[in-house]
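As stored in target24.csv (CSV, C-alpha atoms and all ligand atoms):
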chain,number,residue,atom,x,y,z
A,1,MET,CA,-47.2,-4.1,43.6
A,2,VAL,CA,-46.2,-1.4,46.0
A,3,GLU,CA,-47.8,2.0,45.9
A,4,GLY,CA,-45.4,4.7,47.3
A,5,ARG,CA,-42.2,4.3,49.2
A,6,PRO,CA,-42.4,1.1,51.2
A,7,LEU,CA,-40.6,0.3,54.5
A,8,ARG,CA,-38.1,-2.5,53.9
A,9,ARG,CA,-36.5,-4.8,56.4
A,10,ARG,CA,-32.8,-5.3,56.2
A,11,ASN,CA,-33.3,-8.3,53.9
A,12,GLY,CA,-35.2,-6.1,51.5
A,13,ARG,CA,-38.7,-7.5,52.3
A,14,ILE,CA,-41.5,-5.1,52.6
A,15,HIS,CA,-43.0,-4.5,56.0
A,16,ARG,CA,-46.2,-3.0,57.2
A,17,ALA,CA,-48.2,-3.2,60.5
A,18,ARG,CA,-51.8,-4.4,60.4
A,19,ALA,CA,-54.1,-1.7,61.6
A,20,ARG,CA,-56.2,-2.2,64.7
A,21,LEU,CA,-59.8,-1.5,65.3
A,22,GLY,CA,-60.5,1.7,67.3
A,23,HIS,CA,-63.3,2.2,69.8
A,24,SER,CA,-65.4,4.8,67.9
A,25,HIS,CA,-68.5,3.7,65.9
A,26,LEU,CA,-68.9,5.8,62.7
A,27,THR,CA,-71.9,6.5,60.7
A,28,ASP,CA,-71.8,7.9,57.2
A,29,ARG,CA,-75.1,8.0,55.3
A,30,HIS,CA,-73.3,7.7,51.9
A,31,ALA,CA,-71.3,4.7,52.9
A,32,LEU,CA,-74.2,3.1,54.7
A,33,LYS,CA,-76.3,3.1,51.5
A,34,LEU,CA,-73.8,0.6,50.0
A,35,ARG,CA,-74.3,-3.1,50.2
A,36,HIS,CA,-72.6,-4.9,53.0
A,37,ASP,CA,-70.1,-6.8,50.8
A,38,VAL,CA,-69.2,-3.6,48.9
A,39,ARG,CA,-68.5,-1.8,52.2
A,40,GLN,CA,-66.4,-4.7,53.4
A,41,ALA,CA,-64.3,-4.7,50.1
A,42,LEU,CA,-63.8,-0.9,50.3
A,43,ALA,CA,-62.9,-1.0,54.0
A,44,GLU,CA,-60.3,-3.7,53.3
A,45,TYR,CA,-58.9,-1.8,50.4
A,46,TRP,CA,-58.5,1.6,52.2
A,47,ARG,CA,-57.2,-0.2,55.3
A,48,THR,CA,-54.4,-1.7,53.2
A,49,GLN,CA,-53.7,1.6,51.6
A,50,GLY,CA,-53.5,3.2,55.0
A,51,GLU,CA,-51.1,0.5,56.3
A,52,LEU,CA,-48.8,1.1,53.3
A,53,GLU,CA,-49.0,4.9,53.9
A,54,HIS,CA,-48.2,4.4,57.5
A,55,SER,CA,-45.1,2.3,56.7
A,56,SER,CA,-44.0,5.2,54.4
A,57,VAL,CA,-43.9,7.5,57.4
A,58,VAL,CA,-41.2,5.3,59.0
A,59,ALA,CA,-39.5,4.8,55.6
A,60,TYR,CA,-39.0,8.6,55.3
A,61,GLN,CA,-38.0,9.1,58.9
A,62,ASP,CA,-35.4,6.4,58.4
A,63,LEU,CA,-34.3,8.0,55.1
A,64,ALA,CA,-33.8,11.4,56.8
A,65,ARG,CA,-31.7,9.8,59.5
A,66,ARG,CA,-29.5,8.0,56.9
A,67,LEU,CA,-29.1,11.2,54.9
A,68,GLU,CA,-28.1,13.0,58.1
A,69,MET,CA,-25.5,10.3,58.9
A,70,LEU,CA,-24.0,10.8,55.4
A,71,ASP,CA,-23.8,14.6,55.8
A,72,ALA,CA,-26.2,15.1,52.9
A,73,PRO,CA,-27.4,18.7,52.2
A,74,GLU,CA,-29.8,19.9,54.9
A,75,SER,CA,-32.5,20.6,52.4
A,76,LEU,CA,-32.7,16.8,51.5
A,77,VAL,CA,-33.0,15.9,55.2
A,78,ARG,CA,-35.7,18.5,55.7
A,79,ARG,CA,-37.7,17.5,52.6
A,80,SER,CA,-37.5,13.8,53.7
A,81,LEU,CA,-39.0,14.8,57.1
A,82,SER,CA,-41.7,16.8,55.4
A,83,ALA,CA,-42.5,13.8,53.2
A,84,ALA,CA,-42.9,11.7,56.5
A,85,VAL,CA,-45.4,14.3,57.7
A,86,GLN,CA,-47.3,14.1,54.4
A,87,GLU,CA,-47.4,10.3,54.6
A,88,ALA,CA,-48.9,10.6,58.1
A,89,ASP,CA,-51.6,12.8,56.6
A,90,HIS,CA,-52.2,10.1,53.9
A,91,TRP,CA,-52.6,7.2,56.4
A,92,THR,CA,-55.0,9.3,58.5
A,93,ARG,CA,-57.1,10.0,55.4
A,94,CYS,CA,-57.0,6.4,54.2
A,95,PHE,CA,-58.0,5.0,57.7
A,96,ASP,CA,-60.8,7.7,57.9
A,97,LEU,CA,-62.2,6.3,54.6
A,98,ALA,CA,-61.8,2.7,55.7
A,99,GLY,CA,-63.5,3.4,59.0
A,100,ARG,CA,-66.3,5.1,57.2
A,101,TYR,CA,-67.1,1.9,55.2
A,102,LEU,CA,-66.5,-0.3,58.2
A,103,GLY,CA,-68.6,1.8,60.5
A,104,GLN,CA,-65.7,1.7,63.1
A,105,SER,CA,-62.6,3.7,63.5
A,106,LEU,CA,-59.1,2.3,62.8
A,107,ARG,CA,-55.7,3.0,64.3
A,108,PRO,CA,-52.3,2.1,63.0
A,109,GLY,CA,-50.3,-0.8,64.3
A,110,ARG,CA,-46.8,-0.4,65.8
A,111,LEU,CA,-43.8,-0.1,63.5
A,112,ARG,CA,-40.1,0.5,64.3
A,113,ARG,CA,-37.4,1.9,62.2
A,114,PRO,CA,-35.2,-0.9,60.8
A,115,MET,CA,-32.0,-1.6,62.6
A,116,ARG,CA,-29.1,-0.5,60.5
A,117,LEU,CA,-25.7,-2.2,60.6
A,118,PRO,CA,-22.7,0.0,60.2
A,119,ARG,CA,-21.5,0.1,56.5
A,120,SER,CA,-18.8,2.0,54.7
A,121,ARG,CA,-19.9,5.4,53.3
A,122,THR,CA,-19.5,4.1,49.8
A,123,ALA,CA,-21.7,1.0,50.5
A,124,GLU,CA,-24.3,3.1,52.1
A,125,LEU,CA,-24.4,5.6,49.2
A,126,VAL,CA,-24.8,2.6,46.7
A,127,ALA,CA,-27.6,1.1,48.8
A,128,LEU,CA,-29.3,4.5,49.1
A,129,ALA,CA,-29.1,5.1,45.3
A,130,VAL,CA,-30.6,1.7,44.6
A,131,GLU,CA,-33.5,2.1,47.0
A,132,THR,CA,-34.1,5.7,45.9
A,133,LEU,CA,-34.3,4.8,42.3
A,134,ARG,CA,-36.6,1.8,42.8
A,135,ASP,CA,-38.7,3.0,45.8
A,136,GLY,CA,-38.6,6.7,45.3
A,137,VAL,CA,-38.1,7.8,41.7
A,138,ILE,CA,-40.2,5.0,40.2
A,139,ASN,CA,-42.7,3.8,42.9
A,140,GLU,CA,-43.6,7.2,44.1
A,141,ALA,CA,-44.2,8.5,40.6
A,142,TYR,CA,-46.3,5.4,39.8
A,143,ALA,CA,-48.3,5.9,43.0
A,144,GLY,CA,-48.9,9.5,42.1
A,145,ARG,CA,-50.1,8.6,38.6
A,146,LEU,CA,-52.3,5.8,39.8
A,147,ALA,CA,-53.8,8.1,42.4
A,148,ALA,CA,-54.5,10.8,39.8
A,149,ALA,CA,-56.2,8.3,37.5
A,150,LYS,CA,-58.3,7.0,40.4
A,151,ALA,CA,-59.2,10.6,41.4
A,152,GLU,CA,-60.4,11.3,38.0
A,153,ARG,CA,-62.7,8.2,38.1
A,154,ALA,CA,-64.0,8.6,41.7
A,155,THR,CA,-67.4,10.1,42.1
A,156,ASP,CA,-67.4,10.0,45.9
A,157,GLN,CA,-66.2,13.5,47.0
A,158,ARG,CA,-64.2,12.4,50.1
A,159,VAL,CA,-62.4,9.7,48.1
A,160,HIS,CA,-61.8,12.1,45.2
A,161,ASP,CA,-60.3,14.8,47.6
A,162,THR,CA,-58.1,12.2,49.3
A,163,LEU,CA,-56.7,10.9,46.0
A,164,VAL,CA,-56.0,14.4,44.7
A,165,ILE,CA,-53.9,15.2,47.7
A,166,ILE,CA,-52.1,11.8,47.6
A,167,ALA,CA,-51.4,12.2,43.9
A,168,ALA,CA,-49.7,15.6,44.3
A,169,ASP,CA,-47.7,14.6,47.3
A,170,GLU,CA,-46.4,11.3,45.8
A,171,LEU,CA,-45.2,13.1,42.7
A,172,ASP,CA,-43.5,15.6,45.0
A,173,HIS,CA,-41.8,12.6,46.8
A,174,SER,CA,-40.6,11.3,43.4
A,175,SER,CA,-38.9,14.7,42.7
A,176,LEU,CA,-37.3,14.6,46.1
A,177,SER,CA,-36.0,11.1,45.2
A,178,ARG,CA,-34.6,12.3,41.9
A,179,ASP,CA,-32.7,15.0,43.8
A,180,ILE,CA,-31.4,12.5,46.4
A,181,LEU,CA,-30.3,10.2,43.6
A,182,ASP,CA,-28.5,13.1,41.9
A,183,TRP,CA,-26.7,13.8,45.1
A,184,CYS,CA,-25.7,10.2,45.6
A,185,LEU,CA,-24.3,10.2,42.0
A,186,ALA,CA,-22.5,13.5,42.7
A,187,VAL,CA,-20.7,12.3,45.8
A,188,GLY,CA,-20.6,8.5,45.3
A,189,GLY,CA,-18.1,8.3,42.5
A,190,ARG,CA,-17.6,5.2,40.3
A,191,PRO,CA,-19.4,2.6,42.5
A,192,VAL,CA,-22.7,4.6,42.6
A,193,TYR,CA,-22.4,5.5,38.9
A,194,ASP,CA,-21.8,1.8,37.9
A,195,MET,CA,-24.7,0.6,40.0
A,196,VAL,CA,-27.2,3.2,38.7
A,197,ASN,CA,-26.0,2.5,35.2
A,198,HIS,CA,-26.6,-1.2,35.7
A,199,MET,CA,-30.1,-0.6,37.1
A,200,VAL,CA,-31.1,1.7,34.2
A,201,THR,CA,-30.5,-1.2,31.8
A,202,THR,CA,-32.0,-4.0,33.9
A,203,MET,CA,-35.1,-2.3,35.5
A,204,PRO,CA,-38.2,-4.3,35.1
A,205,THR,CA,-40.9,-2.7,32.9
A,206,THR,CA,-43.8,-4.8,34.1
A,207,THR,CA,-45.7,-4.9,37.3
A,208,THR,CA,-48.6,-6.9,38.7
A,209,GLY,CA,-52.0,-5.2,38.9
A,210,ILE,CA,-54.4,-5.4,41.8
A,211,ALA,CA,-56.9,-8.2,42.2
A,212,LEU,CA,-60.4,-6.7,42.4
A,213,PRO,CA,-63.0,-8.5,44.6
A,214,MET,CA,-65.3,-10.9,42.8
A,215,GLY,CA,-69.0,-10.5,42.5
A,216,ILE,CA,-69.1,-6.7,42.9
A,217,GLN,CA,-69.8,-4.3,40.1
A,218,SER,CA,-66.5,-2.6,39.2
A,219,ARG,CA,-68.3,0.6,38.5
A,220,THR,CA,-69.4,0.9,42.2
A,221,LEU,CA,-65.9,0.2,43.4
A,222,GLY,CA,-64.4,2.7,41.0
A,223,ASP,CA,-66.7,5.4,42.4
A,224,HIS,CA,-65.0,4.8,45.7
A,225,GLY,CA,-61.4,4.7,44.5
A,226,LEU,CA,-60.9,0.9,44.1
A,227,LEU,CA,-60.0,0.1,40.5
A,228,ASP,CA,-57.1,-1.2,38.4
A,229,ALA,CA,-55.9,2.2,37.0
A,230,ASP,CA,-53.3,0.5,34.8
A,231,PRO,CA,-55.0,-2.6,33.4
A,232,ASP,CA,-52.5,-3.2,30.6
A,233,GLY,CA,-49.4,-2.1,32.5
A,234,SER,CA,-48.7,0.7,30.0
A,235,MET,CA,-48.6,3.4,32.6
A,236,PHE,CA,-45.8,1.6,34.4
A,237,ALA,CA,-43.9,0.7,31.2
A,238,ASN,CA,-44.1,4.3,30.0
A,239,LEU,CA,-42.9,5.6,33.4
A,240,VAL,CA,-39.9,3.3,33.4
A,241,ALA,CA,-39.1,4.3,29.8
A,242,GLU,CA,-39.2,8.0,30.8
A,243,VAL,CA,-37.0,7.4,33.9
A,244,ARG,CA,-34.5,5.5,31.7
A,245,ASP,CA,-34.3,8.3,29.2
A,246,GLU,CA,-34.0,11.0,31.8
A,247,LEU,CA,-31.4,9.1,33.8
A,248,GLY,CA,-29.4,8.2,30.7
A,249,VAL,CA,-28.9,11.9,30.1
A,250,ARG,CA,-28.0,12.6,33.7
A,251,LEU,CA,-25.6,9.7,33.8
A,252,GLN,CA,-23.7,11.2,30.9
A,253,GLY,CA,-23.1,14.3,33.0
A,254,HIS,CA,-21.8,12.3,35.9
A,255,ARG,CA,-19.6,10.0,33.8
A,256,LEU,CA,-16.6,12.3,33.7
A,257,ASP,CA,-16.8,13.0,37.5
A,258,ALA,CA,-17.0,9.3,38.2
A,259,ALA,CA,-14.1,8.3,35.9
B,1,FE,FE,-48.3,8.5,50.5
B,2,FE,FE,-45.0,9.1,49.2
Is it possible to express this structure as structure tokens?
Amino acid sequence: MVEGRPLRRRNGRIHRARARLGHSHLTDRHALKLRHDVRQALAEYWRTQGELEHSSVVAYQDLARRLEMLDAPESLVRRSLSAAVQEADHWTRCFDLAGRYLGQSLRPGRLRRPMRLPRSRTAELVALAVETLRDGVINEAYAGRLAAAKAERATDQRVHDTLVIIAADELDHSSLSRDILDWCLAVGGRPVYDMVNHMVTTMPTTTTGIALPMGIQSRTLGDHGLLDADPDGSMFANLVAEVRDELGVRLQGHRLDAA
């Protein structure tokens, strides 16, 4: 399961950089009250979340550059760059939380933008539409909904505040992705239309949940943002159904243009 927009290598595999330990020792009396194994589990969880958020920064910078190369509307490029700034805020907050449980600061590893081979404009628009639907429209909305559910459950104030911000931003990134997809459909003609139409009918409606650490009370973990917020997968299935319905209507509008 991926939360938010991942950074993909050219072969489609998801890529993130392992965070490194910083030099500052941190003390937080709320975190230090927790058992050692609980702190370790929470530190590992927030570290992974931070690493994924960090890779989203590069993903949005790469997206902005690709949109620019395609002469996309300036507003889409600008919003992608703003999304990168928001993702940077997310990793900072996640690493702050991880460091608080760990008792030591964390800093991100090094990530580069993926190398892009030259492609035809049509092939690039098709690739962008596929990635935008899967990684933006769906993954970002799912990340937003998961974060909102975790925020509702979290009793720790810093965790709660972090999740509220992430939830709002990821939903915003999903709206941006819908607008990018609309633009791809508007300018991409038949090939983009056919690919999106195919994806709408073949999109998976199931996802894998997260594995919670064994031997720790789930209530304590939930207080600090670590929980399976979609245990029966219905949140994901409902989201895919909504996206399908909504896209079905929009595809009708594009059919005549693409014909
Ligand atoms: Fe994010
Ligand atoms: Fe995002």
### Query
What do you get as a VMD selection string if you pick all residues at most 12 Å from ligand FE 1 (chain B), counting only C-alpha atoms and all ligand atoms?
chain A and resid 2 to 7 49 to 60 82 to 94 136 139 to 144 146 to 147 162 to 174
### Query
Interatomic distance between atom CA of Asp71 of chain A and atom CA of Arg244 of chain A?
27.9 Å
### Query
Which protein, DNA or RNA residues have an atom at most 12 Å from (-47.7, 0.8, 31.7), counting all atoms listed in the file? List them as a count of residues only.
24
### Query
What does the distance from atom CA of Arg134 of chain A to atom CA of Arg20 of chain A come to in Å, to one decimal?
29.7 Å
### Summary
Counting only C-alpha atoms, the residue among A:Thr201, A:Arg10, A:Thr220, A:Gln104 that lies closest to Lys33 of chain A is A:Thr220
### Task
Identify which of the residues A:Ile138, A:Ala72, A:Arg110, A:His25 lies closest to ligand FE 2 (chain B), counting all atoms listed in the file when measuring atom-to-atom distances.
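Smallest distance to ligand FE 2 (chain B) is found for A:Ile138.
In terms of minimum interatomic distance to Thr48 of chain A, A:Arg18 ranks closest within A:Arg112, A:Gly188, A:Arg18, A:Arg158, counting only C-alpha atoms.
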### Message
Quick one: residues within 12 Å of Leu67 of chain A, only C-alpha atoms, excluding same-chain residues fewer than 4 positions away - as a ChimeraX atom specification?
### Response
/A:60-63,71-81,121,124-125,127-129,132,177,180-181,183-184
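Shortest separation to Ala211 of chain A among A:Ala41, A:Pro191, A:Ala98, A:Arg113 occurs at residue A:Ala41, atoms counted being all atoms listed in the file.
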### Query
In Å, how far is it from atom CA of Asp182 of chain A to atom CA of Val196 of chain A?
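Distance between the two atoms: 10.5 Å.
Distances from A:Pro213, A:Leu251, A:Thr27, A:Glu131 to Asp194 of chain A were compared using all atoms listed in the file, and the smallest one belongs to A:Leu251.
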### Task
Tell me which protein, DNA and RNA residues are within 12 Å of Val38 of chain A, counting all atoms listed in the file, leaving out same-chain ones fewer than 6 positions away, and put them as number ranges by chain.
A: 31-32, 44-45, 98, 101-102, 212-224, 226
### Task
Would you please work out which residue, of A:Thr122, A:Val243, A:Ala151, A:Gly225, is nearest to Arg190 of chain A when using only C-alpha atoms?
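For Arg190 of chain A, the nearest of the candidates is A:Thr122.
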